[in-house]
Structure formats: structure tokens, C-alpha cells
Amino acid sequence: MTVSLPLVLVLGVIAWAAVKFLGIRLWVVVVIALFGFYLADTFLAPAIDTGTRTGVEIVNGTND
């Protein structure tokens, strides 16, 4: 049985847990999210995308 879980959902749960249990302020989460949007518009976006995909494949064990 395969379970597909979007990375955005996982990161959202981590952000919620950080605010709820670690006491991180909501404005810090918003600033980090805005930084992510800014970073996605730079020349680093393809490298970040490739690195993320490779990391997910390693975790899933699907890289052959």
C-alpha cells in the first residue's frame, strides 16, 4: 500500500507544531514563508527543487 503525502502538508504540520509546542511566534513563520516565495523567484530555485526531489527520493527509497 502506497501513501502519498504532499511535502507542503508535511511542512505545514511542522510549522504548526513549531508555533504550538516550541513557542515560535507566528510572525517568524510568516517571514520564513515570504522568504521562501522570494527564494523561489531567484536563480537558486532549480537547484533547491532538484535537491528537494532527490532528498524525497532518498527517503522514499525510489532512486535507482
# chains A, B, ... in the order shown; residues from 1 in each chain; ligands from 1
>>> residues_around(residues="region 3-14 of chain A", least_positions_apart="6", cutoff="10 Å", atoms="only C-alpha atoms", output="PyMOL selection string")
chain A and resi 20+52+56
>>> select_by_dssp(residues="chain A", states="helix (DSSP H, G or I)", output="ChimeraX atom specification")
/A:7-21,26-39,45-60
>>> residues_around(residues="region 26-41 of chain A", least_positions_apart="2", cutoff="12 Å", atoms="only C-alpha atoms", output="mmCIF file with N, CA and C atoms, in the first residue's frame")
data_model
loop_
_atom_site.group_PDB
_atom_site.id
_atom_site.type_symbol
_atom_site.label_atom_id
_atom_site.label_comp_id
_atom_site.auth_asym_id
_atom_site.auth_seq_id
_atom_site.Cartn_x
_atom_site.Cartn_y
_atom_site.Cartn_z
ATOM 1 N N VAL A 8 4.240 19.918 1.056
ATOM 2 C CA VAL A 8 3.674 21.145 1.617
ATOM 3 C C VAL A 8 2.880 20.835 2.883
ATOM 4 N N LEU A 11 5.388 20.120 5.713
ATOM 5 C CA LEU A 11 5.996 21.357 6.191
ATOM 6 C C LEU A 11 4.993 22.210 6.957
ATOM 7 N N GLY A 12 3.739 22.197 6.532
ATOM 8 C CA GLY A 12 2.701 22.922 7.261
ATOM 9 C C GLY A 12 2.488 22.379 8.658
ATOM 10 N N ILE A 14 4.744 20.778 10.416
ATOM 11 C CA ILE A 14 5.941 21.135 11.177
ATOM 12 C C ILE A 14 5.856 22.588 11.641
ATOM 13 N N ALA A 15 5.400 23.484 10.766
ATOM 14 C CA ALA A 15 5.257 24.895 11.147
ATOM 15 C C ALA A 15 4.217 25.058 12.246
ATOM 16 N N TRP A 16 3.089 24.355 12.131
ATOM 17 C CA TRP A 16 2.051 24.421 13.169
ATOM 18 C C TRP A 16 2.594 23.921 14.508
ATOM 19 N N ALA A 17 3.319 22.811 14.464
ATOM 20 C CA ALA A 17 3.875 22.249 15.695
ATOM 21 C C ALA A 17 4.908 23.196 16.306
ATOM 22 N N ALA A 18 5.685 23.867 15.472
ATOM 23 C CA ALA A 18 6.680 24.810 15.986
ATOM 24 C C ALA A 18 6.000 25.977 16.691
ATOM 25 N N VAL A 19 4.911 26.463 16.133
ATOM 26 C CA VAL A 19 4.182 27.565 16.764
ATOM 27 C C VAL A 19 3.507 27.076 18.042
ATOM 28 N N LYS A 20 2.895 25.915 17.992
ATOM 29 C CA LYS A 20 2.108 25.407 19.119
ATOM 30 C C LYS A 20 2.980 24.942 20.285
ATOM 31 N N LEU A 22 6.737 24.758 20.388
ATOM 32 C CA LEU A 22 8.054 25.349 20.631
ATOM 33 C C LEU A 22 7.972 26.833 20.965
ATOM 34 N N GLY A 23 6.797 27.410 20.827
ATOM 35 C CA GLY A 23 6.627 28.810 21.174
ATOM 36 C C GLY A 23 7.166 29.782 20.142
ATOM 37 N N ILE A 24 7.367 29.309 18.926
ATOM 38 C CA ILE A 24 7.828 30.208 17.864
ATOM 39 C C ILE A 24 6.676 31.126 17.486
ATOM 40 N N PHE A 43 17.653 32.598 -9.004
ATOM 41 C CA PHE A 43 18.364 31.594 -9.796
ATOM 42 C C PHE A 43 18.609 30.301 -9.013
ATOM 43 N N LEU A 44 18.405 30.326 -7.711
ATOM 44 C CA LEU A 44 18.614 29.133 -6.887
ATOM 45 C C LEU A 44 17.436 28.163 -6.910
ATOM 46 N N ALA A 45 16.301 28.595 -7.437
ATOM 47 C CA ALA A 45 15.090 27.767 -7.404
ATOM 48 C C ALA A 45 15.286 26.386 -8.049
ATOM 49 N N PRO A 46 15.896 26.281 -9.243
ATOM 50 C CA PRO A 46 16.074 24.937 -9.821
ATOM 51 C C PRO A 46 16.951 24.025 -8.958
ATOM 52 N N ALA A 47 17.989 24.580 -8.352
ATOM 53 C CA ALA A 47 18.865 23.765 -7.501
ATOM 54 C C ALA A 47 18.124 23.303 -6.249
ATOM 55 N N ILE A 48 17.312 24.177 -5.670
ATOM 56 C CA ILE A 48 16.530 23.813 -4.489
ATOM 57 C C ILE A 48 15.516 22.740 -4.845
ATOM 58 N N ASP A 49 14.865 22.892 -6.000
ATOM 59 C CA ASP A 49 13.877 21.906 -6.441
ATOM 60 C C ASP A 49 14.528 20.548 -6.667
#
